[in-house]
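> Quick one: this structure, given as structure tokens, is what I'll be asking you about.
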Amino acid sequence: MADMKVVYSNKATPPVGPYSQAIQAGPHIFVSGQIPADAEGKLTEGSIADKTKACCEGVKNILEEAGSSVAKVVKTTVFITTMDNFAEMNSVYEQYFTHKPARSCVAVKELPKGVPVEIECIALS
């Protein structure tokens, strides 16, 4: 356990359950799924693009708190509630992950707090 560290950014959505925003384990940072909400937990209003941006900003802020960056992300997983939102989500996602890390994108029945998108990732320190 000595090589594991909890990462918490006050610039990202606080956890809505019994988990950490991220865990740094050795040279890797495992960022929990970020939903479209601000640092106080208030859900983001607007389009899928607006909500995807909020998720990406949460990921970015957590990685920066850990001393890393979006440029060091090696794998993401995107959860969306309908593939009808895929193109709009991608239009924002690609602005953040310009280096094209490995990715899975899956449609799920529902997400926490009824949000339409959630993004998690693994990055290098």
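As shown in the structure tokens, the chain order sets the letters A, B, ...; within each chain, residues go from 1, and ligands are also counted from 1 in the order they appear.
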Sorted by chain and rising residue number, which residues of segment 12-77 of chain A lie within 9 Å of segment 102-113 of chain A, and what are their closest atom pairs and distances in Å to one decimal, counting only C-alpha atoms, as a tab-separated table?

```
residue	atom	partner	partner_atom	distance
A:Val16	CA	A:Pro112	CA	8.5
A:Ile35	CA	A:Pro112	CA	8.0
A:Leu43	CA	A:Lys113	CA	8.5
A:Val73	CA	A:Ala102	CA	8.7
A:Val74	CA	A:Ala102	CA	6.1
A:Lys75	CA	A:Ala102	CA	4.6
A:Thr76	CA	A:Arg103	CA	4.7
A:Thr77	CA	A:Ser104	CA	4.8
```
> Pull all heavy atoms from the residues just selected and write them as a PDB file, in the first residue's frame.

```
ATOM      1  N   VAL A  16     -19.189  10.804  -5.557  1.00  0.00           N
ATOM      2  CA  VAL A  16     -20.587  10.668  -5.142  1.00  0.00           C
ATOM      3  C   VAL A  16     -20.833   9.318  -4.466  1.00  0.00           C
ATOM      4  O   VAL A  16     -21.963   8.915  -4.292  1.00  0.00           O
ATOM      5  CB  VAL A  16     -21.563  10.879  -6.329  1.00  0.00           C
ATOM      6  CG1 VAL A  16     -21.447  12.286  -6.873  1.00  0.00           C
ATOM      7  CG2 VAL A  16     -21.325   9.861  -7.426  1.00  0.00           C
ATOM      8  N   ILE A  35     -18.185  12.583 -14.067  1.00  0.00           N
ATOM      9  CA  ILE A  35     -19.480  12.953 -14.631  1.00  0.00           C
ATOM     10  C   ILE A  35     -19.496  14.458 -14.874  1.00  0.00           C
ATOM     11  O   ILE A  35     -18.654  15.192 -14.341  1.00  0.00           O
ATOM     12  CB  ILE A  35     -20.639  12.515 -13.713  1.00  0.00           C
ATOM     13  CG1 ILE A  35     -20.585  13.211 -12.349  1.00  0.00           C
ATOM     14  CG2 ILE A  35     -20.653  10.988 -13.555  1.00  0.00           C
ATOM     15  CD1 ILE A  35     -21.807  12.968 -11.470  1.00  0.00           C
ATOM     16  N   LEU A  43     -24.619  19.519 -11.255  1.00  0.00           N
ATOM     17  CA  LEU A  43     -24.609  18.952 -12.604  1.00  0.00           C
ATOM     18  C   LEU A  43     -24.558  20.043 -13.664  1.00  0.00           C
ATOM     19  O   LEU A  43     -25.197  21.094 -13.529  1.00  0.00           O
ATOM     20  CB  LEU A  43     -25.837  18.067 -12.822  1.00  0.00           C
ATOM     21  CG  LEU A  43     -25.906  16.814 -11.948  1.00  0.00           C
ATOM     22  CD1 LEU A  43     -27.193  16.043 -12.235  1.00  0.00           C
ATOM     23  CD2 LEU A  43     -24.694  15.919 -12.169  1.00  0.00           C
ATOM     24  N   VAL A  73      -2.224  10.500 -20.836  1.00  0.00           N
ATOM     25  CA  VAL A  73      -3.274   9.480 -20.768  1.00  0.00           C
ATOM     26  C   VAL A  73      -2.964   8.388 -21.783  1.00  0.00           C
ATOM     27  O   VAL A  73      -2.671   8.660 -22.948  1.00  0.00           O
ATOM     28  CB  VAL A  73      -4.661  10.094 -21.028  1.00  0.00           C
ATOM     29  CG1 VAL A  73      -5.719   9.013 -21.216  1.00  0.00           C
ATOM     30  CG2 VAL A  73      -5.043  11.033 -19.894  1.00  0.00           C
ATOM     31  N   VAL A  74      -3.026   7.131 -21.326  1.00  0.00           N
ATOM     32  CA  VAL A  74      -2.767   5.995 -22.220  1.00  0.00           C
ATOM     33  C   VAL A  74      -4.046   5.249 -22.593  1.00  0.00           C
ATOM     34  O   VAL A  74      -4.088   4.560 -23.607  1.00  0.00           O
ATOM     35  CB  VAL A  74      -1.740   5.002 -21.622  1.00  0.00           C
ATOM     36  CG1 VAL A  74      -0.382   5.671 -21.473  1.00  0.00           C
ATOM     37  CG2 VAL A  74      -2.195   4.442 -20.292  1.00  0.00           C
ATOM     38  N   LYS A  75      -5.109   5.396 -21.788  1.00  0.00           N
ATOM     39  CA  LYS A  75      -6.358   4.671 -22.059  1.00  0.00           C
ATOM     40  C   LYS A  75      -7.523   5.430 -21.450  1.00  0.00           C
ATOM     41  O   LYS A  75      -7.428   5.898 -20.310  1.00  0.00           O
ATOM     42  CB  LYS A  75      -6.281   3.260 -21.440  1.00  0.00           C
ATOM     43  CG  LYS A  75      -7.578   2.462 -21.409  1.00  0.00           C
ATOM     44  CD  LYS A  75      -7.950   1.921 -22.774  1.00  0.00           C
ATOM     45  CE  LYS A  75      -9.037   0.862 -22.746  1.00  0.00           C
ATOM     46  NZ  LYS A  75     -10.379   1.345 -22.574  1.00  0.00           N
ATOM     47  N   THR A  76      -8.597   5.561 -22.209  1.00  0.00           N
ATOM     48  CA  THR A  76      -9.829   6.138 -21.674  1.00  0.00           C
ATOM     49  C   THR A  76     -10.968   5.152 -21.887  1.00  0.00           C
ATOM     50  O   THR A  76     -10.918   4.291 -22.777  1.00  0.00           O
ATOM     51  CB  THR A  76     -10.213   7.471 -22.350  1.00  0.00           C
ATOM     52  OG1 THR A  76     -10.519   7.231 -23.720  1.00  0.00           O
ATOM     53  CG2 THR A  76      -9.119   8.515 -22.234  1.00  0.00           C
ATOM     54  N   THR A  77     -11.984   5.315 -21.074  1.00  0.00           N
ATOM     55  CA  THR A  77     -13.249   4.640 -21.310  1.00  0.00           C
ATOM     56  C   THR A  77     -14.330   5.701 -21.216  1.00  0.00           C
ATOM     57  O   THR A  77     -14.375   6.468 -20.244  1.00  0.00           O
ATOM     58  CB  THR A  77     -13.511   3.524 -20.277  1.00  0.00           C
ATOM     59  OG1 THR A  77     -12.416   2.608 -20.295  1.00  0.00           O
ATOM     60  CG2 THR A  77     -14.795   2.759 -20.609  1.00  0.00           C
TER      61      THR A  77
END
```
> Could you pull the residues within 10 Å of segment 52-62 of chain A, counting only C-alpha atoms, minus those fewer than 3 positions along the same chain, as number ranges by chain?
A: 7-14, 21-22, 29, 31-39, 43-45, 47-49, 65-71, 73, 78, 80, 88-93, 95-97, 116-121
> How many Å lie between atom CA of Ala123 of chain A and atom CA of Asn85 of chain A, rounded to one decimal?
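One can read the atom CA of Ala123 of chain A to atom CA of Asn85 of chain A distance as 25.2 Å.
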